[in-house]
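Student: Got a structure here, written out as structure tokens. Questions coming.
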Amino acid sequence: METVFRHLSINIFALRLLILMIITSSSHSEWGLNMTESVTAIGRDIHGLHMTIFYICVAIAIVVFGIMLYSIIRHRKSLGVEAKPFHESTMVEIIWTTIPLLILVAMAIPATKTLIDMYDTETSDIDIKITGYQWKWRYEYLNTDIDFFSTLTTTQDQMHGLEAKSENYLLEVDKHLVIPINKKVRFLFTAQDVIHSWWVPELAVKKDAIPGFINESWAKVEKPGIYRGQCAELCGQGHGYMPIVVEAVSEEDYQAWLITQQQAQQNANQVSELSFDELMAQGKIGYDKNCAACHQVTGMGVPPVFPALKGSAIALGDIQQHVNVVVNGKGGSAMAAFGEQLTPTELAAIITYERNAWGNDKGDSIQPAEIVSFKQAEGQ
């Protein structure tokens with residue numbers, strides 16, 4: 001008897017705690033148990049639907065477990081008592097089938113409306129194609145010339161504990177995805193290599209990016225600000241190194257950004273001759289940002305998947321072969337093609353750095369103009 005009442009007391013305490021958590025909204029925010037507050041109308045609809053169904057489930061749990069606890073206590077008997085025989089009740093079976101059916105229909109009506117709104121990508125103001133790469137994102141603003149890669153800016157020293165971690169550790173990138181507020185933005189998702197997933201909680205957008213396939217979603221942000229997300233699909237060693245940063249701005253600021261971005265891309269395509277020291281300095285920055293995740297800061301790699309560049313035949317061999325591997329990648333390996341990901345200046349600097357860092361000391365270099373000539377010969 002004492003054991004029964006002890007268990008009953010524990011169950012009643014747990015039930016009271018659950019009810020307290022439900023009615024105390026601050027508990028959700030403090031514990032971080034609820035969905036992220038959205039800055040889009042569709043996000044708030046999703047949150048409202050989630051909470052409605054949650055409360056229905058809580059009510060069902062209270063009724064079911066309440067009846068169960070009552071039955072356990074009310075009809076408990078001593079050992080050796082013979083159970084009373086009974087038969088099925090058609091009326092009871094009709095009732096407990098009809099009630100769940102009505103509940104499901106009541107849940108399905110608002111859920112269907114929200115799903116229809118979520119998948120309505122028509123009449124968009126802006127279309128952006130988002131392509132996942134290992135391990136960065138590419139953003140192409142359709143019907144414009146704007147096309148850029150967004151790459152993690154957290155340094156290798158921060159990752160290895162050699163310097164203090166920044167406020168947005170592993171969540172900051174070199175180029176933000178900039179969109180205007182109060183405009184319907186349609187996102188088209190795909191991937192270049194493996195499956196990724198573009199997820200920004202405050203926009204209520206999470207879609208898989210699949211090679212050879214296009215997924216769609218949309219958002220209409222109502223509040224200016226910076227909203228961060230991450231890849232939500234395990235995509236390899238650098239999965240945690242491809243954050244997403246969306247910057248929502250006013251229409252005037254967005255138009256100004258478009259002009260600035262177009263000018264920046266024109267400047268990036270212009271090539272000029274650089275000194276050896278300039279190539280090495282820019283090469284280290286580019287290498288740390290684009291190559292170190294696989295080949296390591298020390299150039300020692302992680303054999304056999306990511307071979308060492310220090311003392312390698314590629315880095316110490318024919319420079320044109322080196323250019324070919326970096327620009328076009330290497331089939332049957334994890335080496336991606338960087339020809340379209342980086343500018344000629346960045347490619348020239350990284351290749352020069354790889355040939356002269358970590359004691360390789362080849363003493364040679366390659367200029368951005370030579371990268372342009374190589375790509376033209378390749379038909380790129």
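Chain lettering (A, B, ...) mirrors the order of the structure tokens, residue numbering begins at 1 for each chain separately, and ligand numbering begins at 1 in order of display.
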Among stretch 177-372 of chain A, which ones does DSSP place in strand (DSSP E or B), written as JSON, numbers by chain?
Tutor: {"A": [177, 178, 179, 180, 185, 186, 187, 188, 189, 190, 191, 196, 197, 198, 199, 200, 205, 206, 207, 208, 209, 211, 215, 216, 217, 218, 219, 221, 225, 226, 227, 228, 229, 230, 231, 244, 245, 246, 247, 248, 249, 302, 306]}
Student: Would you export the selected residues with C-alpha atoms as an mmCIF file, in the first residue's frame, please?
Tutor:
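out.cif was written with the following content:
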```cif
data_model
loop_
_atom_site.group_PDB
_atom_site.id
_atom_site.type_symbol
_atom_site.label_atom_id
_atom_site.label_comp_id
_atom_site.auth_asym_id
_atom_site.auth_seq_id
_atom_site.Cartn_x
_atom_site.Cartn_y
_atom_site.Cartn_z
ATOM 1 C CA LEU A 177 22.748 36.505 -48.077
ATOM 2 C CA VAL A 178 21.085 39.915 -48.305
ATOM 3 C CA ILE A 179 17.327 40.192 -48.886
ATOM 4 C CA PRO A 180 14.818 43.046 -48.565
ATOM 5 C CA VAL A 185 11.762 35.743 -51.705
ATOM 6 C CA ARG A 186 11.697 32.339 -53.380
ATOM 7 C CA PHE A 187 14.602 29.997 -52.652
ATOM 8 C CA LEU A 188 15.622 27.223 -55.074
ATOM 9 C CA PHE A 189 17.777 24.578 -53.398
ATOM 10 C CA THR A 190 20.203 22.110 -54.952
ATOM 11 C CA ALA A 191 23.683 20.729 -54.246
ATOM 12 C CA HIS A 196 22.970 19.380 -47.577
ATOM 13 C CA SER A 197 20.115 21.102 -45.761
ATOM 14 C CA TRP A 198 19.624 24.888 -45.596
ATOM 15 C CA TRP A 199 18.095 25.797 -42.245
ATOM 16 C CA VAL A 200 17.374 29.237 -40.764
ATOM 17 C CA VAL A 205 12.822 27.616 -43.666
ATOM 18 C CA LYS A 206 14.506 24.206 -43.735
ATOM 19 C CA LYS A 207 14.962 22.440 -47.057
ATOM 20 C CA ASP A 208 17.259 19.694 -48.296
ATOM 21 C CA ALA A 209 19.679 20.602 -51.066
ATOM 22 C CA PRO A 211 22.361 17.009 -56.215
ATOM 23 C CA ASN A 215 13.585 22.015 -53.869
ATOM 24 C CA GLU A 216 11.620 25.213 -53.291
ATOM 25 C CA SER A 217 10.669 27.355 -50.339
ATOM 26 C CA TRP A 218 10.004 31.013 -49.612
ATOM 27 C CA ALA A 219 10.126 33.663 -46.942
ATOM 28 C CA VAL A 221 10.798 38.738 -43.643
ATOM 29 C CA GLY A 225 18.138 42.071 -38.815
ATOM 30 C CA ILE A 226 20.693 39.303 -39.108
ATOM 31 C CA TYR A 227 19.410 35.740 -38.885
ATOM 32 C CA ARG A 228 21.758 32.783 -38.554
ATOM 33 C CA GLY A 229 21.380 29.160 -39.512
ATOM 34 C CA GLN A 230 23.392 26.052 -40.295
ATOM 35 C CA CYS A 231 23.523 23.044 -42.550
ATOM 36 C CA ILE A 244 24.209 30.548 -43.015
ATOM 37 C CA VAL A 245 23.833 34.277 -42.385
ATOM 38 C CA VAL A 246 20.782 36.080 -43.790
ATOM 39 C CA GLU A 247 20.724 39.856 -43.578
ATOM 40 C CA ALA A 248 17.302 41.451 -44.012
ATOM 41 C CA VAL A 249 17.439 45.144 -44.923
ATOM 42 C CA VAL A 302 44.387 13.490 -43.054
ATOM 43 C CA PHE A 306 42.865 14.070 -47.592
#
```
Student: Could you pull out all residues of stretch 210-377 of chain A with a DSSP call of helix (DSSP H, G or I) and give them as a ChimeraX atom specification?
Tutor: /A:239-241,251-268,276-290,292-295,313-316,319-328,344-356,368-377
Student: Please determine, counting only C-alpha atoms, which residue among A:Ser166, A:Asn34, A:Ser272, A:Gln282 has the shortest atom-to-atom distance to A:Glu346.
Tutor: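 Of the candidates, the smallest distance to A:Glu346 is held by A:Gln282.
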Student: Residues within 12 Å of A:Ser373, please, as a count of residues only. Count only C-alpha atoms; anything in the same chain fewer than 5 positions from it doesn't count.
Tutor: 11
Student: Quick one: pull the distance between atom CA of A:Ile116 and atom CA of A:Leu102, Å, one decimal.
Tutor: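 These atoms are spaced 21.4 Å apart.
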Student: Can you tell me, as a PyMOL selection string, what residues are no more than 12 Å from A:Pro304 when counting only C-alpha atoms, ignoring any on the same chain fewer than 6 positions away?
Tutor: chain A and resi 294-295+333-334
Student: Nearest to A:Gly286: which of A:Val92, A:Leu342, A:Ala164, A:Leu171 is it, counting only C-alpha atoms?
Tutor: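 So, comparing all the options, the nearest one is A:Leu342.
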Student: Give me, as CSV, the closest atom pair and its distance (Å, one decimal) for every residue of stretch 220-270 of chain A within a cut-off of 7 Å of stretch 147-155 of chain A, counting only C-alpha atoms, rows sorted by chain and rising number.
Tutor:
```
residue,atom,partner,partner_atom,distance
A:Tyr241,CA,A:Leu152,CA,6.2
A:Met242,CA,A:Leu152,CA,6.0
A:Pro243,CA,A:Leu152,CA,6.6
```
Student: Expressed in Å to a single decimal, how great is the separation between atom CA of A:Phe54 and atom CA of A:Asp117?
Tutor: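 Between atom CA of A:Phe54 and atom CA of A:Asp117 the gap works out to 20.8 Å.
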Student: Could you give me, as a ChimeraX atom specification, the residues within 10 Å of A:Asp145, counting only C-alpha atoms and dropping anything in the same chain fewer than 6 positions from it?
Tutor: /A:258,261-262,265-266
Student: For atom CA of A:Val105 and atom CA of A:Tyr70, quote the distance in Å rounded to one decimal.
Tutor: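 That distance, rounded to one decimal, is 29.0 Å.
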Student: Near A:Asp193, counting only C-alpha atoms, which residues have an atom at most 8 Å away, once you skip same-chain residues fewer than 3 positions from it, shown as a list in words?
Tutor: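 The residues satisfying every condition are Gly132, Tyr133, Gln134 and Pro211 of chain A.
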Student: Please, could you write that set of residues out with N, CA and C atoms as a PDB file, in the first residue's frame?
Tutor:
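Printed below is again-v8.pdb as written:
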```
ATOM      1  N   GLY A 132      24.459  23.935 -52.312  1.00  0.00           N
ATOM      2  CA  GLY A 132      25.341  23.474 -51.252  1.00  0.00           C
ATOM      3  C   GLY A 132      26.592  22.821 -51.813  1.00  0.00           C
ATOM      4  N   TYR A 133      27.722  23.185 -51.255  1.00  0.00           N
ATOM      5  CA  TYR A 133      29.017  22.600 -51.596  1.00  0.00           C
ATOM      6  C   TYR A 133      29.654  22.109 -50.292  1.00  0.00           C
ATOM      7  N   GLN A 134      30.599  21.204 -50.411  1.00  0.00           N
ATOM      8  CA  GLN A 134      31.407  20.849 -49.248  1.00  0.00           C
ATOM      9  C   GLN A 134      32.553  21.865 -49.139  1.00  0.00           C
ATOM     10  N   PRO A 211      21.760  16.942 -54.866  1.00  0.00           N
ATOM     11  CA  PRO A 211      22.361  17.009 -56.215  1.00  0.00           C
ATOM     12  C   PRO A 211      21.378  16.529 -57.289  1.00  0.00           C
TER      13      PRO A 211
END
```
Student: Choose the residue, out of A:Phe86, A:Asn324, A:Gln156, A:Gly331, that has the smallest atom-to-atom separation from A:Ala377; count only C-alpha atoms.
Tutor: A:Asn324
Student: Calculated over only C-alpha atoms, which of the candidates A:Val327, A:Ile195, A:Met159, A:Ala281 has the smallest distance to A:Val372?
Tutor: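 Going through A:Val327, A:Ile195, A:Met159, A:Ala281 one by one, the smallest distance to A:Val372 is for A:Val327.
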Student: What's around stretch 352-362 of chain A at 8 Å? Count only C-alpha atoms, leave out sequence neighbours fewer than 5 positions away in its own chain, and write the answer as a list in words.
Tutor: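 Contacts, in chain order: Leu279, Met280, Gly283, Lys284, Tyr287, Thr298, Gly299, Leu309, Lys310, Gly311, Ala315 and Leu316 of chain A.
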